[in-house]
Amino acid sequence: MSPDKPTVGSPEYPTPDEQFWVDGVGVYGHFTVDSPSDDVVSYRYEFLGGPYGTVSAPRLGAAVTIPYLPLTSGPKSLTVHAVDRSGRSSAQTQYDFNVKSGRAPVARWKLDDPAGSGSAAAETGTAARAGTGVTFGGPAPSGTTATATAALDGSAHGFLTPDAPATDIRETFAVSAWVRPAETDRNMTVASQDADGEPEFALGLRSRDSGSAWTFSIGDARVSGGAPETGEWAHLLGLYDAETGLAHLYVNGHETGTAVRATPDDASGAFQIGRARDTTGYRDRWHGDIGDVRVHDRVVVPNEVAELALRKAKSLGHWSFETATDGASPEQSDGPPLRLGTGASIYRGSDGSCIPELDPDCPYVPPALVGDGHLTLDGETGYAAADGPVVDTADSFTLGVVVRLADAEPAHPMTALSQAGEHTDAFRVRYEPSTHAWQLVMPEKDEAGAPERVVSQIEAADGGEGQGHRLAVVYDDATDTIKLYLDGYTNAQATATLPDGWHSAGALQVGRAKAGDGWGEYLHGDVDEVQAYSGAFRDRDILGLGWGTEPCLC
């Protein structure tokens with residue numbers, strides 16, 4: 001006989017009959033499962049959307065407890081089967097419960113207070129008094145919800161503190177902030193909490209012989225990763241998960257380093273911004289900017305970490321090549337136009353005045369790549385160019401373009417987009433016929449013959465047929481990554497690291513690349529929907545490029 005159905009219960013996540021919505025994402029639940037049968041050896045379980053598995057009973061017929069961390073809000077369910085020592089399975093038990101969104105921080109200082117303020121207002125928690133080495137009203141990282149930050153001068157007076165603990169660090173907690181170091185060659189603390197002798201936790205950077213790194217430490221346990229850069233913004237989040245006993249570090253929305261086991265002691269001292277305490281006093285004072293400091297008393301799950309670190313891209317230009325006036329094709333939002341070279345023209349599709357299927361005298365007019373028109377280039381002198389640089393190649397940027405090559409077997413490389421420095425292009429998006437691939441080429445320095453990072457996606461040339469391909473390039477300065485997308489997708493061969501982008505002062509070029517003291521790699525084919533952004537698109541945003549409208553960056 002099969003074992004009896006198990007019962008399921010959870011103190012943290014009762015059924016909707018007991019409590020309809022329960023807090024919440026990032027808060028562990030513990031589900032006790034027990035079958036009345038006395039010969040049960042294990043339980044098979046599956047949470048809606050995962051995880052799933054089998055847990056063995058500690059002894060024959062004993063109950064088990066299954067931990068679960070909700071990563072998303074909404075209706076959830078747990079299904080369980082009891083299994084006896086003969087391998088027979090019980091009927092299924094389904095346990096339903098509803099998870100609320102993750103609760104707000106227990107302490108938050110936006111640090112967007114007016115210049116001259118002597119303290120930082122707390123959105124939650126206690127206001128933090130500021131030392132005289134703190135200057136409010138500083139710049140905020142672009143593309144974020146932050147409007148201002150505080151600059152700390154690295155002196156004994158550069159700190160903020162609420163003079164009270166922010167949370168009980170013996171339980172699960174997370175601390176996060178936007179930071180921009182003014183130097184990286186010494187140890188510096190973003191946030192800590194006082195204890196006897198050493199800070200019980202500290203989030204910041206440490207200088208090492210191999211280079212500086214971001215760190216999160218709890219007692220003697222430390223996780224390190226990433227590469228701080230002077231004058232560059234980064235979002236840091238340190239997490240201690242009391243359920244697993246592990247400390248984690250996230251930099252710019254991505255987990256970095258290797259999680260370490262930590263054992264926090266009682267640290268009931270004051271929370272500190274910009275310094276850490278030891279037996280001789282405060283040390284490792286922060287020199288640079290800090291903004292939006294948050295402390296949570298729960299797990300901040302990966303999707304939430306990514307949202308906290310998100311810097312939304314900003315449109316710099318969108319050219320659809322529908323028309324041209326006096327040799328210039330306008331930008332959609334009345335920004336600077338792209339000027340057409342002698343071998344470039346605007347192709348217009350059908351005006352809809354007649355329909356070939358209904359009127360035998362109506363000539364067939366091939367449609368434009370996107371919308372009503374596109375740019376046609378002759379492969380010899382044709383190009384379009386801005387009057388100056390469009391993207392800052394030293395910072396994160398995204399570019400999109402739709403391209404259809406006229407030749408099935410191009411005789412030489414052809415460049416769709418480029419932007420030049422003094423000696424070479426900062427980037428080139430080109431077709432390389434010898435490998436039948438689209439390439440993104442980014443030299444490491446503005447020097448002739450400099451080493452290049454090249455990523456590619458294999459694709460046959462169009463030969464003038466079809467609707468072309470949607471190409472996109474992303475340089476993410478925060479993660480030092482370049483990516484090439486073909487028709488919305490990338491892969492390992494189309495991704496590489498680029499530690500330091502460099503600023504190019506040359507104009508954005510469509511259809512040609514720098515060649516010595518002149519130009520070359522002229523493209524023979526059609527181009528449409530050139531879109532430029534400051535900031536790095538996420539993978540899911542890329543699919544919105546190349547359709548004539550602005551993608552939803554949400």
# chains A, B, ... in the order shown; residues from 1 in each chain; ligands from 1
$ select_by_dssp --residues "segment 362-475 of chain A" --states "strand (DSSP E)" --output "JSON, numbers by chain"
{"A": [373, 374, 375, 376, 377, 378, 384, 385, 397, 398, 399, 400, 401, 402, 403, 404, 405, 414, 415, 416, 417, 418, 419, 420, 425, 426, 427, 428, 429, 430, 431, 432, 437, 438, 439, 440, 441, 442, 443, 452, 453, 454, 455, 456, 457, 458, 469, 470, 471, 472, 473, 474, 475]}
$ residues_around --residues "Glu198 of chain A" --least-positions-apart "3" --cutoff "9 Å" --atoms "only C-alpha atoms" --output "list in words"
Asp194, Ala195, Phe201, Gly219, Ala276, Arg277, Asp278 and Thr279 of chain A
$ write_last_selection --atoms "N, CA and C atoms" --output "PDB file, in the first residue's frame"
ATOM      1  N   ASP A 194      30.191  49.535  13.683  1.00  0.00           N
ATOM      2  CA  ASP A 194      31.195  49.441  14.746  1.00  0.00           C
ATOM      3  C   ASP A 194      31.050  48.180  15.577  1.00  0.00           C
ATOM      4  N   ALA A 195      32.211  47.693  16.013  1.00  0.00           N
ATOM      5  CA  ALA A 195      32.280  46.612  17.002  1.00  0.00           C
ATOM      6  C   ALA A 195      33.563  46.829  17.785  1.00  0.00           C
ATOM      7  N   PHE A 201      31.306  44.415  10.070  1.00  0.00           N
ATOM      8  CA  PHE A 201      31.278  44.244   8.616  1.00  0.00           C
ATOM      9  C   PHE A 201      31.792  45.521   7.986  1.00  0.00           C
ATOM     10  N   GLY A 219      33.722  40.130   9.992  1.00  0.00           N
ATOM     11  CA  GLY A 219      34.759  39.576  10.838  1.00  0.00           C
ATOM     12  C   GLY A 219      36.006  39.315  10.023  1.00  0.00           C
ATOM     13  N   ALA A 276      35.815  53.053   8.888  1.00  0.00           N
ATOM     14  CA  ALA A 276      35.700  51.822   9.661  1.00  0.00           C
ATOM     15  C   ALA A 276      36.535  51.963  10.926  1.00  0.00           C
ATOM     16  N   ARG A 277      36.107  51.311  11.989  1.00  0.00           N
ATOM     17  CA  ARG A 277      36.743  51.466  13.296  1.00  0.00           C
ATOM     18  C   ARG A 277      37.615  50.260  13.636  1.00  0.00           C
ATOM     19  N   ASP A 278      38.765  50.522  14.276  1.00  0.00           N
ATOM     20  CA  ASP A 278      39.558  49.456  14.858  1.00  0.00           C
ATOM     21  C   ASP A 278      39.924  49.854  16.281  1.00  0.00           C
ATOM     22  N   THR A 279      40.885  49.156  16.881  1.00  0.00           N
ATOM     23  CA  THR A 279      41.214  49.401  18.284  1.00  0.00           C
ATOM     24  C   THR A 279      41.815  50.779  18.514  1.00  0.00           C
TER      25      THR A 279
END
$ residues_around --residues "segment 387-396 of chain A" --least-positions-apart "3" --cutoff "8 Å" --atoms "only C-alpha atoms" --output "VMD selection string"
chain A and resid 316 to 317 336 338 to 339 419 426 474 to 478 500 to 508 532 to 536
$ write_last_selection --atoms "N, CA, C and O atoms" --output "mmCIF file, in the first residue's frame"
data_model
loop_
_atom_site.group_PDB
_atom_site.id
_atom_site.type_symbol
_atom_site.label_atom_id
_atom_site.label_comp_id
_atom_site.auth_asym_id
_atom_site.auth_seq_id
_atom_site.Cartn_x
_atom_site.Cartn_y
_atom_site.Cartn_z
ATOM 1 N N LEU A 316 20.799 59.261 -27.816
ATOM 2 C CA LEU A 316 21.639 60.346 -28.321
ATOM 3 C C LEU A 316 21.303 60.707 -29.760
ATOM 4 O O LEU A 316 21.701 61.777 -30.235
ATOM 5 N N GLY A 317 20.597 59.829 -30.448
ATOM 6 C CA GLY A 317 20.248 60.100 -31.834
ATOM 7 C C GLY A 317 19.592 58.909 -32.489
ATOM 8 O O GLY A 317 19.882 57.751 -32.143
ATOM 9 N N PRO A 336 21.112 66.862 -34.429
ATOM 10 C CA PRO A 336 21.974 67.058 -35.599
ATOM 11 C C PRO A 336 21.726 65.989 -36.664
ATOM 12 O O PRO A 336 21.575 64.811 -36.346
ATOM 13 N N LEU A 338 22.565 63.617 -40.212
ATOM 14 C CA LEU A 338 23.695 62.936 -40.832
ATOM 15 C C LEU A 338 23.823 63.450 -42.248
ATOM 16 O O LEU A 338 22.844 63.465 -43.006
ATOM 17 N N ARG A 339 25.021 63.884 -42.608
ATOM 18 C CA ARG A 339 25.254 64.464 -43.939
ATOM 19 C C ARG A 339 25.697 63.374 -44.904
ATOM 20 O O ARG A 339 26.551 62.556 -44.585
ATOM 21 N N GLN A 419 33.577 55.216 -35.566
ATOM 22 C CA GLN A 419 33.819 56.547 -35.002
ATOM 23 C C GLN A 419 35.304 56.636 -34.729
ATOM 24 O O GLN A 419 35.862 55.814 -33.994
ATOM 25 N N ALA A 426 37.784 54.198 -32.966
ATOM 26 C CA ALA A 426 37.496 53.685 -31.629
ATOM 27 C C ALA A 426 36.685 52.400 -31.724
ATOM 28 O O ALA A 426 36.786 51.531 -30.863
ATOM 29 N N VAL A 474 27.330 46.882 -27.948
ATOM 30 C CA VAL A 474 27.223 47.408 -26.596
ATOM 31 C C VAL A 474 28.606 47.396 -25.972
ATOM 32 O O VAL A 474 29.288 46.352 -25.980
ATOM 33 N N TYR A 475 29.025 48.550 -25.457
ATOM 34 C CA TYR A 475 30.218 48.607 -24.619
ATOM 35 C C TYR A 475 29.759 48.963 -23.218
ATOM 36 O O TYR A 475 29.166 50.017 -22.999
ATOM 37 N N ASP A 476 30.003 48.070 -22.275
ATOM 38 C CA ASP A 476 29.618 48.276 -20.879
ATOM 39 C C ASP A 476 30.882 48.576 -20.091
ATOM 40 O O ASP A 476 31.660 47.678 -19.764
ATOM 41 N N ASP A 477 31.088 49.849 -19.802
ATOM 42 C CA ASP A 477 32.301 50.257 -19.102
ATOM 43 C C ASP A 477 32.324 49.722 -17.676
ATOM 44 O O ASP A 477 33.388 49.478 -17.109
ATOM 45 N N ALA A 478 31.148 49.520 -17.075
ATOM 46 C CA ALA A 478 31.089 49.035 -15.698
ATOM 47 C C ALA A 478 31.611 47.613 -15.581
ATOM 48 O O ALA A 478 32.237 47.243 -14.584
ATOM 49 N N ASP A 500 39.687 49.165 -20.704
ATOM 50 C CA ASP A 500 39.611 50.623 -20.665
ATOM 51 C C ASP A 500 39.267 51.155 -22.055
ATOM 52 O O ASP A 500 40.112 51.133 -22.966
ATOM 53 N N GLY A 501 38.032 51.652 -22.198
ATOM 54 C CA GLY A 501 37.696 52.341 -23.431
ATOM 55 C C GLY A 501 38.380 53.699 -23.479
ATOM 56 O O GLY A 501 38.794 54.239 -22.449
ATOM 57 N N TRP A 502 38.529 54.249 -24.657
ATOM 58 C CA TRP A 502 39.176 55.560 -24.782
ATOM 59 C C TRP A 502 38.292 56.506 -25.577
ATOM 60 O O TRP A 502 37.491 56.089 -26.399
ATOM 61 N N HIS A 503 38.414 57.780 -25.274
ATOM 62 C CA HIS A 503 37.546 58.794 -25.873
ATOM 63 C C HIS A 503 37.990 59.096 -27.298
ATOM 64 O O HIS A 503 39.168 59.346 -27.564
ATOM 65 N N SER A 504 37.032 59.073 -28.220
ATOM 66 C CA SER A 504 37.309 59.424 -29.617
ATOM 67 C C SER A 504 36.612 60.731 -29.951
ATOM 68 O O SER A 504 35.454 60.932 -29.598
ATOM 69 N N ALA A 505 37.328 61.609 -30.634
ATOM 70 C CA ALA A 505 36.786 62.923 -30.977
ATOM 71 C C ALA A 505 36.283 62.994 -32.406
ATOM 72 O O ALA A 505 35.766 64.029 -32.839
ATOM 73 N N GLY A 506 36.416 61.894 -33.160
ATOM 74 C CA GLY A 506 35.977 61.906 -34.541
ATOM 75 C C GLY A 506 34.479 61.766 -34.686
ATOM 76 O O GLY A 506 33.771 61.386 -33.756
ATOM 77 N N ALA A 507 33.982 62.072 -35.881
ATOM 78 C CA ALA A 507 32.544 62.013 -36.155
ATOM 79 C C ALA A 507 32.084 60.583 -36.364
ATOM 80 O O ALA A 507 32.844 59.732 -36.852
ATOM 81 N N LEU A 508 30.829 60.313 -36.013
ATOM 82 C CA LEU A 508 30.209 59.027 -36.324
ATOM 83 C C LEU A 508 30.087 58.889 -37.832
ATOM 84 O O LEU A 508 29.615 59.803 -38.517
ATOM 85 N N ALA A 532 21.647 55.546 -31.483
ATOM 86 C CA ALA A 532 22.795 55.689 -30.588
ATOM 87 C C ALA A 532 22.327 56.056 -29.190
ATOM 88 O O ALA A 532 21.405 56.863 -29.021
ATOM 89 N N TYR A 533 22.972 55.468 -28.182
ATOM 90 C CA TYR A 533 22.592 55.690 -26.784
ATOM 91 C C TYR A 533 23.839 55.785 -25.914
ATOM 92 O O TYR A 533 24.840 55.097 -26.160
ATOM 93 N N SER A 534 23.770 56.622 -24.913
ATOM 94 C CA SER A 534 24.732 56.543 -23.823
ATOM 95 C C SER A 534 24.209 55.499 -22.848
ATOM 96 O O SER A 534 23.019 55.433 -22.569
ATOM 97 N N GLY A 535 25.096 54.657 -22.353
ATOM 98 C CA GLY A 535 24.674 53.583 -21.459
ATOM 99 C C GLY A 535 24.602 52.251 -22.187
ATOM 100 O O GLY A 535 24.478 52.189 -23.418
ATOM 101 N N ALA A 536 24.681 51.188 -21.414
ATOM 102 C CA ALA A 536 24.691 49.827 -21.958
ATOM 103 C C ALA A 536 23.311 49.203 -21.881
ATOM 104 O O ALA A 536 22.718 49.133 -20.805
#
$ closest_atom_pairs --of "segment 88-176 of chain A" --to "segment 62-81 of chain A" --cutoff "7 Å" --atoms "only C-alpha atoms" --output "JSON lines"
{"residue": "A:Ser89", "atom": "CA", "partner": "A:His81", "partner_atom": "CA", "distance": 6.2}
{"residue": "A:Ser90", "atom": "CA", "partner": "A:His81", "partner_atom": "CA", "distance": 5.4}
{"residue": "A:Ala91", "atom": "CA", "partner": "A:His81", "partner_atom": "CA", "distance": 6.3}
{"residue": "A:Gln92", "atom": "CA", "partner": "A:His81", "partner_atom": "CA", "distance": 5.2}
{"residue": "A:Thr93", "atom": "CA", "partner": "A:Val80", "partner_atom": "CA", "distance": 5.3}
{"residue": "A:Gln94", "atom": "CA", "partner": "A:Thr79", "partner_atom": "CA", "distance": 4.4}
{"residue": "A:Tyr95", "atom": "CA", "partner": "A:Leu78", "partner_atom": "CA", "distance": 5.1}
{"residue": "A:Asp96", "atom": "CA", "partner": "A:Ser77", "partner_atom": "CA", "distance": 4.3}
{"residue": "A:Phe97", "atom": "CA", "partner": "A:Lys76", "partner_atom": "CA", "distance": 5.4}
{"residue": "A:Asn98", "atom": "CA", "partner": "A:Pro75", "partner_atom": "CA", "distance": 4.4}
{"residue": "A:Val99", "atom": "CA", "partner": "A:Ser73", "partner_atom": "CA", "distance": 4.9}
{"residue": "A:Lys100", "atom": "CA", "partner": "A:Ser73", "partner_atom": "CA", "distance": 5.2}
{"residue": "A:Ser101", "atom": "CA", "partner": "A:Ser73", "partner_atom": "CA", "distance": 5.1}
$ residues_around --residues "Pro14 of chain A" --least-positions-apart "2" --cutoff "10 Å" --atoms "only C-alpha atoms" --output "list in words"
Val8, Gly9, Ser10, Pro11, Glu12, Pro16, Asp17, Glu18, Gln19, Phe20, Trp21, Val22, Gly29, Phe31, Tyr95, Asp96, Phe97 and Asn98 of chain A
$ select_by_dssp --residues "segment 220-358 of chain A" --states "helix (DSSP H, G or I)" --output "PyMOL selection string"
chain A and resi 302-308
$ residues_around --residues "Asp39 of chain A" --least-positions-apart "2" --cutoff "9 Å" --atoms "only C-alpha atoms" --output "MDAnalysis selection string"
chainID A and resid 3 37 41 60:62 83:86
$ residues_around --residues "Arg180 of chain A" --least-positions-apart "5" --cutoff "8 Å" --atoms "only C-alpha atoms" --output "JSON, numbers by chain"
{"A": [230, 231, 232, 233, 234, 288, 289, 290]}
$ write_last_selection --atoms "N, CA, C and O atoms" --output "PDB file, in the first residue's frame"
ATOM      1  N   THR A 230      39.440  54.819 -10.678  1.00  0.00           N
ATOM      2  CA  THR A 230      39.346  56.186 -10.186  1.00  0.00           C
ATOM      3  C   THR A 230      38.413  57.004 -11.067  1.00  0.00           C
ATOM      4  O   THR A 230      38.546  57.009 -12.296  1.00  0.00           O
ATOM      5  N   GLY A 231      37.455  57.666 -10.431  1.00  0.00           N
ATOM      6  CA  GLY A 231      36.552  58.544 -11.157  1.00  0.00           C
ATOM      7  C   GLY A 231      35.407  57.852 -11.855  1.00  0.00           C
ATOM      8  O   GLY A 231      34.637  58.512 -12.555  1.00  0.00           O
ATOM      9  N   GLU A 232      35.239  56.539 -11.663  1.00  0.00           N
ATOM     10  CA  GLU A 232      34.153  55.813 -12.320  1.00  0.00           C
ATOM     11  C   GLU A 232      33.158  55.294 -11.287  1.00  0.00           C
ATOM     12  O   GLU A 232      33.539  54.766 -10.240  1.00  0.00           O
ATOM     13  N   TRP A 233      31.885  55.432 -11.629  1.00  0.00           N
ATOM     14  CA  TRP A 233      30.818  54.994 -10.737  1.00  0.00           C
ATOM     15  C   TRP A 233      30.721  53.472 -10.717  1.00  0.00           C
ATOM     16  O   TRP A 233      30.914  52.806 -11.737  1.00  0.00           O
ATOM     17  N   ALA A 234      30.385  52.949  -9.551  1.00  0.00           N
ATOM     18  CA  ALA A 234      30.089  51.522  -9.397  1.00  0.00           C
ATOM     19  C   ALA A 234      28.990  51.375  -8.358  1.00  0.00           C
ATOM     20  O   ALA A 234      28.878  52.185  -7.429  1.00  0.00           O
ATOM     21  N   GLY A 288      35.979  60.292  -2.132  1.00  0.00           N
ATOM     22  CA  GLY A 288      35.205  60.199  -3.362  1.00  0.00           C
ATOM     23  C   GLY A 288      33.742  60.456  -3.076  1.00  0.00           C
ATOM     24  O   GLY A 288      33.377  61.054  -2.056  1.00  0.00           O
ATOM     25  N   ASP A 289      32.892  60.023  -3.984  1.00  0.00           N
ATOM     26  CA  ASP A 289      31.455  60.281  -3.901  1.00  0.00           C
ATOM     27  C   ASP A 289      30.705  59.023  -3.469  1.00  0.00           C
ATOM     28  O   ASP A 289      31.072  57.903  -3.857  1.00  0.00           O
ATOM     29  N   ILE A 290      29.636  59.221  -2.689  1.00  0.00           N
ATOM     30  CA  ILE A 290      28.768  58.123  -2.258  1.00  0.00           C
ATOM     31  C   ILE A 290      27.324  58.597  -2.393  1.00  0.00           C
ATOM     32  O   ILE A 290      27.003  59.744  -2.072  1.00  0.00           O
TER      33      ILE A 290
END
$ residues_around --residues "Met188 of chain A" --least-positions-apart "3" --cutoff "8 Å" --atoms "only C-alpha atoms" --output "NGL selection string"
:A and (204-206 or 274-275 or 284-287)
$ closest_residue --among "A:Pro199, A:Ser207, A:Val300, A:Ser212" --to "Ser268 of chain A" --atoms "only C-alpha atoms"
A:Pro199
$ atom_distance --atom1 "atom CA of Pro162 of chain A" --atom2 "atom CA of Val293 of chain A"
12.4 Å
$ atom_distance --atom1 "atom CA of Pro36 of chain A" --atom2 "atom CA of Thr7 of chain A"
8.3 Å
$ closest_residue --among "A:Met442, A:Ala313, A:Ala128, A:Leu203" --to "Glu550 of chain A" --atoms "only C-alpha atoms"
A:Ala313
$ closest_residue --among "A:Arg44, A:Arg453, A:His318, A:Arg428" --to "Arg512 of chain A" --atoms "only C-alpha atoms"
A:Arg428
$ closest_residue --among "A:Glu123, A:Glu529, A:Asp407, A:Glu200" --to "Ser329 of chain A" --atoms "only C-alpha atoms"
A:Glu529
$ closest_residue --among "A:Ala368, A:Leu249, A:Thr323, A:Leu160" --to "Ala270 of chain A" --atoms "only C-alpha atoms"
A:Leu160
